[in-house]
Number of protein chains: 2
Amino acid sequence: MKIGVIGLGLIGGSMAKAIKQKTEHMVFGWDQSESVRYSARLAEGVHDILEDGDPSGCDLVIIALYPSATVDYVNKFASNFKKGAMVVDCAGVKREVCQPLEAVAKDNGFIFCGAHPMAGIERSGFTYSTSALFEGATMILTPYTGTDIAPMNELSLFFKSLGFAKMQVATDAEHDQMIAYTSQLAHVVSSAYIKSELSPKFKGFSAGSFHDMTRVAKLNETMWTELFLDNNDFLANEIDDLIARLQEYSKAIRGKDSEKLKSMLKEGKEKRLAIDEVKEFE
Amino acid sequence: MKIGVIGLGLIGGSMAKAIKQKTEHMVFGWDQSESVRYSARLAEGVHDILEDGDPSGCDLVIIALYPSATVDYVNKFASNFKKGAMVVDCAGVKREVCQPLEAVAKDNGFIFCGAHPMAGIERSGFTYSTSALFEGATMILTPYTGTDIAPMNELSLFFKSLGFAKMQVATDAEHDQMIAYTSQLAHVVSSAYIKSELSPKFKGFSAGSFHDMTRVAKLNETMWTELFLDNNDFLANEIDDLIARLQEYSKAIRGKDSEKLKSMLKEGKEKRLAIDEVKEFE
């Protein structure tokens with residue numbers, strides 16, 4: 001296949017490198033930054049550059065841009081995609097991307113499918129990209145209702161050839177709701193946690209839990225602001241629900257309600273143990 | 001030295017094993033459970049058992065019980081401690097233990113010092129104890145005002161011989177306030193986080209941040225209930241402050257206030273990066 005990768009940041013750069021190193025496909029990249037395009041060629045992360053990002057002739061196009069830029073890109077090149085080509089994005093929210101593009105894909109004869117690779121590090125940019133980023137990871141796919149199974153099967157095999165261990169299918173709304181809880185809320189909590197006036201005095205008083213709790217506060221604020229606001233309904237609900245639960249703990253602790261607190265902690269332990277029992281890739 | 005270790009759970013068991021394996025001291029253990037006492041001898045975790053937990057003749061007594069049980073133990077055997085002996089506890093709160101014992105130590109001629117080993121795993125009991133538990137960890141010490149430096153120096157060298165990398169000195173109140181933030185709050189958040197009705201559906205939608213955020217929900221609810229309630233003033237304040245910060249995120253996200261949210265996330269990132277720059281053991 002001839003594959004285009006649009007946006008050569010951490011995710012796009014890693015996709016390009018994984019394709020080049022692990023498959024026989026030809027990979028053509030594009031990034032709005034000239035120095036990133038140059039770096040990608042210098043690092044042999046791509047076979048060549050897609051001129052102006054034009055996807056003409058590509059059998060598969062992987063778009064690794066922010067959500068709004070993804071929609072803009074597909075609209076701009078809507079009539080250039082090869083008929084029957086597969087086009088996938090990698091954005092962390094799916095309704096905002098998939099909903100406006102359903103008609104565009106249908107009208108222009110290409111197949112669009114939302115995708116979200118569950119992989120990342122607390123760094124961004126091509127410099128940190130690596131062909132190993134997706135090893136063992138889950139790829140969430142959000143095909144439209146009625147998408148043929150045959151091209152989706154091909155796509156699934158393709159992603160597995162890059163190292164992904166599992167495909168998880170969901171609607172765009174299911175994806176956005178779950179991600180609001182499992183990922184976005186964690187980033188919000190981490191950012192809020194670190195802002196105590198006690199945090200600069202942590203040295204000598206911290207163990208693993210403090211570091212785990214604050215790790216993902218180290219985020220790219222431009223990207224996460226867009227992701228949070230594109231999913232603001234689900235995410236704000238998750239934050240408010242967590243606040244309500246924390247208020248119960250505060251009340252039981254301040255009021256020294258030992259029996260209540262113990263049963264709340266026991267319930268939390270049991271829910272966490274239930275998670276441990278689920279094997280991620282069975 | 002002849003050393004007594006009172007309470008052979010995860011911490012006490014690990015202390016006894018570390019003393020036996022890494023030093024030339026004689027270590028005598030005690031646990032209220034007969035099967036634990038038997039296991040400790042069988043596993044050669046102690047040289048012998050301290051009959052009825054009586055600390056007579058010990059040069060150093062390490063108490064690894066819950067806070068209230070620690071105070072009860074010291075009161076019970078107050079007149080049996082050897083004159084000039086060092087007595088330390090290992091509880092996760094310090095005011096509740098150190099304040100009632102100051103006069104007891106003075107009146108009975110032994111030296112008491114609060115201690116809190118910053119080490120642990122999400123398991124409890126002698127079965128999980130290991131001589132390696134304290135390797136590289138910090139030991140927080142909370143001596144009373146006016147405690148002589150010479151015995152504290154000895155104590156510090158002793159703990160380093162068990163693997164501790166650093167001693168951190170604090171007042172009991174400083175300890176309790178910092179621990180409320182760096183450790184207890186993390187356990188509360190983790191327990192509250194896991195209780196979303198979405199958590200059982202996490203499979204296929206989670207990455208590292210979800211697992212990090214919920215890891216310490218797997219706790220011993222009996223012990224943590226006592227620790228939280230013994231520190232309820234500082235802890236409830238930390239929970240309420242975090243709630244107030246989360247409410248700001250919720251407001252900015254629900255209201256789609258992009259500039260505000262971005263600056264909040266940027267501030268969180270910078271505070272976390274400042275933490276990374278501090279070398280824990282310099």
# chains A, B, ... in the order shown; residues from 1 in each chain; ligands from 1
>>> residues_around(residues="Met213 in chain B", least_positions_apart="2", cutoff="10 Å", atoms="only C-alpha atoms", output="ChimeraX atom specification")
/A:182-183,185-187,189-190,209-210,212-216 /B:186-187,189-191,193-194,208-211,215-217
>>> closest_atom_pairs(of="chain B", to="chain A", cutoff="6 Å", atoms="only C-alpha atoms", output="JSON lines")
{"residue": "B:Gln168", "atom": "CA", "partner": "A:Gly204", "partner_atom": "CA", "distance": 5.7}
{"residue": "B:Thr182", "atom": "CA", "partner": "A:Phe210", "partner_atom": "CA", "distance": 5.2}
{"residue": "B:Ser191", "atom": "CA", "partner": "A:Gly268", "partner_atom": "CA", "distance": 4.8}
{"residue": "B:Ala192", "atom": "CA", "partner": "A:Arg245", "partner_atom": "CA", "distance": 5.8}
{"residue": "B:Gly204", "atom": "CA", "partner": "A:Gln168", "partner_atom": "CA", "distance": 5.7}
{"residue": "B:Ser206", "atom": "CA", "partner": "A:Thr182", "partner_atom": "CA", "distance": 5.5}
{"residue": "B:Phe210", "atom": "CA", "partner": "A:Thr182", "partner_atom": "CA", "distance": 5.2}
{"residue": "B:Asp212", "atom": "CA", "partner": "A:Asp212", "partner_atom": "CA", "distance": 5.3}
{"residue": "B:Met213", "atom": "CA", "partner": "A:Met213", "partner_atom": "CA", "distance": 5.6}
{"residue": "B:Ala217", "atom": "CA", "partner": "A:Lys269", "partner_atom": "CA", "distance": 5.2}
{"residue": "B:Lys218", "atom": "CA", "partner": "A:Lys269", "partner_atom": "CA", "distance": 4.5}
{"residue": "B:Glu221", "atom": "CA", "partner": "A:Leu265", "partner_atom": "CA", "distance": 5.4}
{"residue": "B:Thr225", "atom": "CA", "partner": "A:Lys262", "partner_atom": "CA", "distance": 5.6}
{"residue": "B:Leu229", "atom": "CA", "partner": "A:Lys256", "partner_atom": "CA", "distance": 5.7}
{"residue": "B:Asn232", "atom": "CA", "partner": "A:Arg254", "partner_atom": "CA", "distance": 5.6}
{"residue": "B:Ala236", "atom": "CA", "partner": "A:Ser250", "partner_atom": "CA", "distance": 5.2}
{"residue": "B:Ile243", "atom": "CA", "partner": "A:Ile243", "partner_atom": "CA", "distance": 5.9}
{"residue": "B:Arg245", "atom": "CA", "partner": "A:Ala192", "partner_atom": "CA", "distance": 5.8}
{"residue": "B:Ser250", "atom": "CA", "partner": "A:Ala236", "partner_atom": "CA", "distance": 5.2}
{"residue": "B:Ile253", "atom": "CA", "partner": "A:Asn232", "partner_atom": "CA", "distance": 5.6}
{"residue": "B:Arg254", "atom": "CA", "partner": "A:Asn232", "partner_atom": "CA", "distance": 5.6}
{"residue": "B:Lys256", "atom": "CA", "partner": "A:Leu229", "partner_atom": "CA", "distance": 5.8}
{"residue": "B:Lys262", "atom": "CA", "partner": "A:Glu221", "partner_atom": "CA", "distance": 5.6}
{"residue": "B:Leu265", "atom": "CA", "partner": "A:Glu221", "partner_atom": "CA", "distance": 5.5}
{"residue": "B:Lys266", "atom": "CA", "partner": "A:Glu221", "partner_atom": "CA", "distance": 5.6}
{"residue": "B:Gly268", "atom": "CA", "partner": "A:Ser191", "partner_atom": "CA", "distance": 4.8}
{"residue": "B:Lys269", "atom": "CA", "partner": "A:Lys218", "partner_atom": "CA", "distance": 4.5}
>>> write_last_selection(atoms="N, CA, C and O atoms", output="short mmCIF file (atom, residue, chain, number, x, y, z; two decimals), in the first residue's frame")
data_model
loop_
_atom_site.label_atom_id
_atom_site.label_comp_id
_atom_site.auth_asym_id
_atom_site.auth_seq_id
_atom_site.Cartn_x
_atom_site.Cartn_y
_atom_site.Cartn_z
N GLN B 168 14.55 12.29 57.31
CA GLN B 168 13.88 13.59 57.20
C GLN B 168 13.34 13.93 58.59
O GLN B 168 12.54 13.16 59.14
N THR B 182 0.61 14.41 50.73
CA THR B 182 1.38 13.56 49.80
C THR B 182 0.92 12.10 49.78
O THR B 182 1.13 11.41 48.80
N SER B 191 -9.53 6.06 45.95
CA SER B 191 -10.74 5.35 46.36
C SER B 191 -11.99 5.98 45.75
O SER B 191 -12.91 5.28 45.30
N ALA B 192 -12.03 7.30 45.71
CA ALA B 192 -13.19 8.00 45.13
C ALA B 192 -13.21 7.85 43.61
O ALA B 192 -14.27 7.73 42.99
N GLY B 204 -10.32 -1.94 27.57
CA GLY B 204 -10.19 -1.45 26.20
C GLY B 204 -10.14 0.06 26.10
O GLY B 204 -9.84 0.61 25.05
N SER B 206 -8.57 2.04 28.69
CA SER B 206 -7.71 2.63 29.71
C SER B 206 -6.25 2.57 29.31
O SER B 206 -5.81 1.67 28.60
N PHE B 210 -5.12 5.88 34.14
CA PHE B 210 -6.22 5.30 34.92
C PHE B 210 -5.68 4.34 35.98
O PHE B 210 -6.11 4.36 37.14
N ASP B 212 -2.60 4.29 37.28
CA ASP B 212 -1.85 5.06 38.29
C ASP B 212 -2.81 5.74 39.27
O ASP B 212 -2.53 5.82 40.46
N MET B 213 -3.88 6.26 38.73
CA MET B 213 -4.81 7.07 39.52
C MET B 213 -5.58 6.22 40.54
O MET B 213 -6.05 6.73 41.54
N ALA B 217 -6.15 2.55 45.72
CA ALA B 217 -7.49 2.22 46.26
C ALA B 217 -7.45 0.83 46.92
O ALA B 217 -8.28 0.52 47.77
N LYS B 218 -6.49 0.02 46.50
CA LYS B 218 -6.29 -1.31 47.09
C LYS B 218 -5.60 -1.16 48.44
O LYS B 218 -4.39 -1.32 48.55
N GLU B 221 -8.51 -1.22 54.74
CA GLU B 221 -9.45 -0.18 55.18
C GLU B 221 -9.47 0.02 56.70
O GLU B 221 -9.79 1.11 57.17
N THR B 225 -8.58 3.74 57.92
CA THR B 225 -9.64 4.47 58.64
C THR B 225 -9.05 5.10 59.90
O THR B 225 -9.28 6.28 60.18
N LEU B 229 -8.68 9.17 60.46
CA LEU B 229 -9.42 9.82 61.54
C LEU B 229 -8.48 10.45 62.57
O LEU B 229 -8.81 11.47 63.18
N ASN B 232 -7.68 13.86 60.96
CA ASN B 232 -8.85 14.30 60.21
C ASN B 232 -8.89 15.79 59.91
O ASN B 232 -9.43 16.21 58.91
N ALA B 236 -9.05 16.50 55.99
CA ALA B 236 -10.29 17.07 55.46
C ALA B 236 -10.02 18.42 54.78
O ALA B 236 -10.61 18.74 53.74
N ILE B 243 -11.11 19.78 46.21
CA ILE B 243 -12.45 19.94 45.65
C ILE B 243 -12.62 21.34 45.06
O ILE B 243 -13.12 21.51 43.95
N ARG B 245 -10.31 23.29 43.90
CA ARG B 245 -9.54 23.41 42.66
C ARG B 245 -10.25 22.67 41.53
O ARG B 245 -10.31 23.16 40.39
N SER B 250 -13.84 22.34 36.48
CA SER B 250 -15.16 22.02 35.97
C SER B 250 -15.82 23.26 35.35
O SER B 250 -16.39 23.20 34.26
N ILE B 253 -14.16 24.21 32.05
CA ILE B 253 -14.43 23.22 31.01
C ILE B 253 -15.89 23.31 30.56
O ILE B 253 -16.19 23.37 29.37
N ARG B 254 -16.81 23.34 31.54
CA ARG B 254 -18.22 23.42 31.18
C ARG B 254 -18.50 24.71 30.41
O ARG B 254 -19.27 24.71 29.45
N LYS B 256 -16.47 26.30 28.53
CA LYS B 256 -15.61 26.38 27.34
C LYS B 256 -14.69 27.61 27.38
O LYS B 256 -14.49 28.29 26.36
N LYS B 262 -6.40 26.70 29.54
CA LYS B 262 -5.03 26.52 29.08
C LYS B 262 -4.03 27.05 30.11
O LYS B 262 -3.01 26.41 30.37
N LEU B 265 -3.86 24.60 33.04
CA LEU B 265 -3.10 23.39 32.72
C LEU B 265 -1.60 23.68 32.64
O LEU B 265 -0.77 22.88 33.07
N LYS B 266 -1.27 24.86 32.11
CA LYS B 266 0.13 25.25 31.99
C LYS B 266 0.75 25.39 33.39
O LYS B 266 1.86 24.93 33.64
N GLY B 268 -0.21 23.89 36.11
CA GLY B 268 -0.06 22.55 36.68
C GLY B 268 1.18 21.85 36.12
O GLY B 268 1.94 21.22 36.85
N LYS B 269 1.38 21.99 34.82
CA LYS B 269 2.56 21.37 34.20
C LYS B 269 3.84 21.93 34.81
O LYS B 269 4.77 21.18 35.15
#
>>> atom_distance(atom1="CA of Ile63 in chain B", atom2="CA of Lys2 in chain B")
14.3 Å
>>> residues_around(residues="range 13-18 of chain B", least_positions_apart="6", cutoff="12 Å", atoms="only C-alpha atoms", output="VMD selection string")
chain B and resid 2 to 7 24 to 31 36 to 37 39 to 41 43 to 49 61 to 65 89 to 90 117 119 to 121 124 to 135 158 to 164
>>> atom_distance(atom1="CA of Lys76 in chain B", atom2="CA of Ser33 in chain B")
18.1 Å
>>> select_by_dssp(residues="range 72-214 of chain B", states="helix (DSSP H, G or I)", output="JSON, numbers by chain")
{"B": [72, 73, 74, 75, 76, 95, 96, 97, 98, 99, 100, 101, 102, 103, 104, 105, 106, 107, 108, 126, 127, 128, 149, 150, 151, 152, 153, 154, 155, 156, 157, 158, 159, 160, 161, 172, 173, 174, 175, 176, 177, 178, 179, 180, 181, 182, 183, 184, 185, 186, 187, 188, 189, 190, 191, 192, 193, 199, 200, 201, 208, 209, 210, 211, 212, 213, 214]}
